[in-house]
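Asker: Before anything else, here's the structure in question.
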Amino acid sequence: MNDQKTENPAPPAPGLRIERHSSVSSTNTLAFARARAGDRGGLWIRADEQTAGRGRLGRNWTSPVGNMFASFLLVDPQPRERIAELPLVAAVALADAIDKAAGTFGLARLKWPNDLLVEGAKLSGILLEAETLPDGRLAVVLGIGVNCVSHPQGGLYPCVDLRALGYRVSADQVFDCLRREMSERLEQWAQPDGFEAVRKAWLNRAAHLGKRITVKGTREVTGTFVDLDNRGYLVLELETGVRETIYAGDVFLLGFEHKGSPGTP
């Protein structure tokens, strides 16, 4: 349950609205509830705290007060056949937003498909979820969490927060920059060749480009990360010289052994 709700326009991004809560179970869950109730999309749901935040593959996302939690609801985003590109769009927008909020340049690197890393540690997470509504519309929610003042310990990956890195940046500052950057990137993405610009921006921040990595998904594959294809999928070059396209999975540097359980971000 939320204990506070406010809604206001989000200038200078026409058509975008912000709904703010002190505490919710999950901003993604609430965004879908708004879509089922008929919301037209272009809605940000923000919370100071989540009591049941979640990450990819159903993992828990630790959500204490002071960090940033927000979900952006899109209804029938177009082009619909390219929705799988949106996590990468969001990752580029978020990395640019953090630079603007912190006064940095290229602070975060990107780990495929959409994690932000600083010095190899995870700073944020992005979760895309979609649901077909009873009237046939498609609700797409981009859930975003950023470690501003604290970070979890003992997770699947090492984590970090902005304060630990020496940057005094509030959740409000990060969000204010994010909503502007997201609007610009989504407008770019919607153009016929818009994803190509996003793809290049993503590769400019790629954390593991040219390195040997292991991708763990339905099976485990090891190779050199050589490119993203024109849909945003990972391209690995195997030892045989054959290139393989990877559609989903968790990325690890070769030789890196993670600690912790799947129940952490």
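Chains: A, B, ... in order of the structure tokens. Residues: from 1 per chain. Ligands: from 1, in order shown.
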Identify all residues of segment 66-211 of chain A in alpha helix (DSSP H) (DSSP on the backbone) and supply them as an MDAnalysis selection string.
Answerer: chainID A and resid 86:102 171:189 194:204
Asker: How would the residues just chosen look if you wrote them out with C-alpha atoms as a compact mmCIF listing (two decimals), in the first residue's frame?
Answerer:
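result.txt, written as the output of this step:
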# COMPACT_ATOMS: atom_id res chain seq x y z
CA LEU A 86 13.73 -0.59 -25.23
CA PRO A 87 15.94 -1.88 -22.37
CA LEU A 88 19.00 -0.69 -24.27
CA VAL A 89 17.32 2.64 -24.99
CA ALA A 90 16.64 3.01 -21.28
CA ALA A 91 20.21 2.05 -20.37
CA VAL A 92 21.69 4.76 -22.59
CA ALA A 93 19.21 7.34 -21.26
CA LEU A 94 20.00 6.41 -17.66
CA ALA A 95 23.78 6.50 -18.16
CA ASP A 96 23.50 9.97 -19.71
CA ALA A 97 21.18 11.09 -16.89
CA ILE A 98 23.62 10.00 -14.20
CA ASP A 99 26.42 11.91 -15.93
CA LYS A 100 24.29 15.05 -15.95
CA ALA A 101 23.19 14.64 -12.34
CA ALA A 102 26.69 13.89 -11.05
CA ALA A 171 17.28 10.36 -6.05
CA ASP A 172 15.29 13.43 -7.11
CA GLN A 173 18.25 14.80 -9.06
CA VAL A 174 18.78 11.49 -10.85
CA PHE A 175 15.09 11.18 -11.70
CA ASP A 176 14.81 14.76 -12.93
CA CYS A 177 17.63 14.13 -15.41
CA LEU A 178 16.33 10.68 -16.30
CA ARG A 179 12.85 11.76 -17.38
CA ARG A 180 14.35 14.31 -19.76
CA GLU A 181 16.93 11.93 -21.21
CA MET A 182 14.35 9.17 -21.57
CA SER A 183 11.99 11.44 -23.49
CA GLU A 184 14.76 12.41 -25.90
CA ARG A 185 15.95 8.85 -26.44
CA LEU A 186 12.43 7.50 -26.96
CA GLU A 187 11.76 10.18 -29.53
CA GLN A 188 14.99 9.19 -31.28
CA TRP A 189 14.16 5.47 -31.06
CA GLY A 194 16.47 5.51 -34.58
CA PHE A 195 17.85 2.41 -32.91
CA GLU A 196 21.09 2.64 -34.84
CA ALA A 197 21.99 5.86 -33.01
CA VAL A 198 21.07 4.22 -29.70
CA ARG A 199 23.12 1.14 -30.59
CA LYS A 200 26.20 3.27 -31.29
CA ALA A 201 25.74 5.19 -28.04
CA TRP A 202 25.41 1.89 -26.16
CA LEU A 203 28.59 0.48 -27.73
CA ASN A 204 30.48 3.66 -26.81
Asker: Would you list the contacts of Ile213 of chain A as a list of chain:residue names, taking every protein, DNA or RNA residue within 10 Å and counting only C-alpha atoms, but skipping same-chain residues closer than 5 positions in sequence?
Answerer: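 Residues meeting the cut-off are A:His208, A:Val221, A:Thr222, A:Gly223, A:Thr224, A:Phe225, A:Leu236, A:Val251, A:Phe252, A:Leu253, A:Leu254, A:Gly255, A:Phe256.
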Asker: I'd like to know which residues of segment 47-222 of chain A are strand (DSSP E or B) (by DSSP, run on the backbone); could you write them as an MDAnalysis selection string?
Answerer: chainID A and resid 47:50 54 60 65 67:75 109:111 115:118 121:132 138:146 159 206 212:216 220:222
Asker: Quick one: pull the distance between atom CA of Gly145 of chain A and atom CA of Leu127 of chain A, Å, one decimal.
Answerer: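 Interatomic distance here is 8.8 Å.
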Asker: Calculate how many Å separate atom CA of Gly120 of chain A from atom CA of Cys159 of chain A, rounding to one decimal.
Answerer: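 Going from atom CA of Gly120 of chain A over to atom CA of Cys159 of chain A, I get 8.4 Å.
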Asker: Rank nothing, just name the residue among A:Thr51, A:Asn147, A:Gln153, A:Ser22 nearest to Leu123 of chain A, using only C-alpha atoms.
Answerer: A:Asn147
Asker: Using only C-alpha atoms, which residue out of A:Gly210, A:Gly217, A:Gly143, A:Pro79 lies closest to Gln191 of chain A?
Answerer: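 When distances to Gln191 of chain A are compared using only C-alpha atoms, the smallest one comes from A:Pro79.
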Asker: So what do you get for atom CA of Ser23 of chain A versus atom CA of Pro77 of chain A, distance-wise?
Answerer: 27.8 Å
Asker: List as a list in words the protein and nucleic acid residues near Gly42 of chain A, meaning an atom at most 12 Å away when only C-alpha atoms are counted, but skip any in the same chain fewer than 4 places from it.
Answerer: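 Close residues of Gly42 of chain A: Pro9, Ala10, Ala13, Pro14, Gly15, Leu16, Arg17, Ile18, Glu19, Ala31, Arg34, Ala35, Ser71, Phe72, Leu73, Leu74, Val75, Asp76, Pro77, Ala139, Val140, Val141, Leu142, Arg179, Met182, Ser183 and Leu186 of chain A.
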Asker: Nearest residue to Asp229 of chain A out of A:Leu156, A:Leu165, A:Ile246, A:Val215, using only C-alpha atoms?
Answerer: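 Checking each of A:Leu156, A:Leu165, A:Ile246, A:Val215 against Asp229 of chain A, counting only C-alpha atoms, the winner is A:Ile246.
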